[in-house]
Structures are given as C-alpha cells and as structure tokens.
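Peer 1: Pasting a structure here, questions to come.
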Amino acid sequence: MAVTIYTDKDADLAFFHGKTIAVLGFGSQGHAHALNLKESGVHVIVGLYPESHSRKVAQERGFEVFDTAEAVRRADVIFVGLPDTKQPAAYTKDIEPNLTKGKTLLFSHGFSIHYKTIVPPADVDVILVAPKGPGHIVRRQYTEGKGVPTLIAVFQDASGHAKETALTWAKGIGGTRAGVLETSFKEETETDLFGEQAVLCGGASALVMAGFEVLVEAGYSPEMAYFECLHELKLIVDLMNEAGIAGMRFSISETAKWGDVTVGPKIIDADTKKRMQEVLKDIQSGKFAQGWVAEYEGGYKHYNALLAAGEAHPIEKTGAELRALMPWIAKRNLKGTQASYQ
C-alpha cells in the first residue's frame, strides 16, 4: 500500500492563529522547533526550569521564557522537548497539574507514551512530530528555505483535530517542504530504538572499533587502521545516502565491490541477524525501556562507565591526532556543549 506524503498544500498555519505554543526545553530539537515556528509566524513561548542555563539563550533569541509549569498553563499546544528519562518527573511536577481539557501534548519521540512512563488524561490530544534529522539540521534546512522529512502520529484525538495540529506543526518547522509521512507512536518508537542500537550508533560504533582493533593487533599502524575503518566510512555512507547501496557500489572499485558482496555477509551473517532480532524483541517487549529507566534512576553508573571506557579507546587518541592534520574537517569538541533541555 502506497504511503501518503503530505506537503505544504496539506497544512495551513492559520490553524495556529490565536493559539499559544509552548516549547519545553531549548536543547537540540527544542531550539530548532521554537525558532522555526516563531519565524513561521506562530506565537511561541519557552518553558524552562528556574536554574536553566538556556533561559538567557532563549531570551536573547526573542522568546518569552517562563517556568515550565507556567508555560504549560498558558499554552494550547505543549511540546515536551526533554530527554526521555526526565520527562516523567517533569510531567508529574509541572505538566500534569496544568494540563486542562482541550490542550495538546506533542512529542518528537514516542518513548514516554508508548512505554507508559507518561499516561495523559483522556481529554487532551497526544501527537508526535518527529523530523528525521538532528535539531541543527532541522534549523539549517529551514533557514535555507528547505526542510527535513518528518513523521507525524496521533496517539489520542480528544478534539477531533489532532492530525491537523500535527500537520500544522510540521509545516511550521519546515517538514512539509520535504514531505511528511504518517506513522504510529509504536512504530516510530520501536524502529527508532532498533536503528540506533543495531545499526546507526551501536552497530556502526562496535564494527568500527572491532575493525580498528583487528588491524592494530595484527601489527598494522593505528593510523592506517583509523583511515580504513573510521575515516573512510563517511565517504561510503554519503554515497549510500545520496544513491542507495547499489549507487554506492557503482561508485567504488571492482575489487571493493567484490569484497563487499562476498565478505560482508560473512561479517554480518545469520547469527548477527538473529541477535538483531533479539534486540528488537527486547524493544518490543519493553525490556530495554525498563532497563534504561532503571539505569537513570540508579544514577547512570553503568552508562557513565561504558561511555568512559569508549572515550579511552585507542581509536580516539589516534583519531584526534589525524583529524588535526585535516583542515577541511570542522574541528568540534562536542563534549559539554549541549544546551540544557529544561
């Protein structure tokens, strides 16, 4: 069955006229949604906790900033732009007491609703608008007159206009310029988590580090291992992104192609696929979500230890030294630069 793709003609920003939109959090997605909506002519306020370092940043960008509870009280549509693990506490303390009939809760990821760490009342709309790109890309594409493909979903339609709200929001952030696809909270949450864990982050990171280790342990220089297992990965992924896997194969050498189609299946084999299926089952059953919530409630001890071990891996030292020789690569130290989410 063909998927319907919604574009600019399918949404009207006039639907938000006379309404107040609250963006809770001014982090990666929050700042992009707030700025794009504001520049689309929507009345946007920002909700942050009193000590948030982002209050000054948001004010300098021209927003009225309120404590989270007050922002919820004033708003018709509330975007919960907080980390998944911090949403339940913010909901209980600041959102739920001010969530009256007719308001709309909006999320950019379905985790809290799908796994019921937040259970909203029946008299509010609950929707999802999820751009398929990080916040800085959502913002940059908008300022260039373009947009990022965006997913929408309706979990609860108390008003009868929940989908219209989602489409209007998607238009306000630029999503309808690229195309908007409808999904469900369940599908968005489970596929997003699986992609992150098995392929995009977990799978790719583990594959890169394992390849680096194999070459270094075999006596090759860390520099050569870095170039072959990490540096050139972007070139291949860019080709896939632009032309698909077949297009990437068209662009590489015959020798590389032969290695791709004959050796690749030996590395990512039936056993790997079986373990991927087990990962998906843990996501579908809620086991992963329960473990992640427990890790947060326990103070992130195992999580922080694993991150620290990753930062200490030899590939990081080698990479930092080699990237210093590449003036065309933007030098970014992303640690400690992320904006506050509340």
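Chain labels A, B, ... are given in the sequence in which chains occur in the structure tokens; within each chain residues are numbered consecutively from 1, and ligands are likewise numbered from 1 in the order shown.
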Determine, using only C-alpha atoms, which residues of region 150-257 of chain A have any atom at most 12 Å from an atom of region 132-136 of chain A, and tabulate each with its shortest atom pair and distance in Å to one decimal place, rows ordered by chain and then rising number, as a tab-separated table.
Peer 2:
residue	atom	partner	partner_atom	distance
A:Thr150	CA	A:Lys132	CA	5.6
A:Leu151	CA	A:Lys132	CA	7.3
A:Ile152	CA	A:Lys132	CA	10.8
A:Ala170	CA	A:Lys132	CA	11.6
A:Ile173	CA	A:Gly135	CA	10.5
A:Gly174	CA	A:Lys132	CA	11.9
A:Gly175	CA	A:Lys132	CA	9.3
A:Ala178	CA	A:Lys132	CA	10.6
A:Gly179	CA	A:Lys132	CA	10.7
A:Val180	CA	A:Lys132	CA	10.1
A:Leu181	CA	A:Lys132	CA	10.6
A:Glu188	CA	A:Lys132	CA	10.7
A:Asp192	CA	A:Lys132	CA	9.9
Peer 1: Do a neighbour search on region 12-14 of chain A at 10 Å with only C-alpha atoms, toss out local chain neighbours closer than 6 positions, and write the hits as a ChimeraX atom specification.
Peer 2: /A:37,40-42,164-165,167-172
Peer 1: Please report the interatomic distance between CA of Gln59 (chain A) and CA of Ala330 (chain A) in Å with one decimal.
Peer 2: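 Separation of CA of Gln59 (chain A) and CA of Ala330 (chain A): 28.5 Å.
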Peer 1: Where in region 52-164 of chain A does DSSP assign helix (DSSP H, G or I), given as a PyMOL selection string?
Peer 2: chain A and resi 54-60+68-74+84-98+111-114+135-143+162-164
Peer 1: For Thr183 (chain A), which residue among A:Phe79, A:Ile127, A:Gln197, A:Arg74 is the nearest when counting only C-alpha atoms?
Peer 2: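 Going through A:Phe79, A:Ile127, A:Gln197, A:Arg74 one by one, the smallest distance to Thr183 (chain A) is for A:Ile127.
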Peer 1: Have a look at A:Gln277, A:Thr117, A:Glu196, A:Val124 and name the one nearest to Ala294 (chain A); count only C-alpha atoms.
Peer 2: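 Of the candidates, the smallest distance to Ala294 (chain A) is held by A:Thr117.
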Peer 1: If you run DSSP on this backbone, which residues of region 6-174 of chain A come out as strand (DSSP E), and could you give them as an MDAnalysis selection string?
Peer 2: chainID A and resid 6 20:24 43:48 64:67 77:80 104:107 125:131 150:156
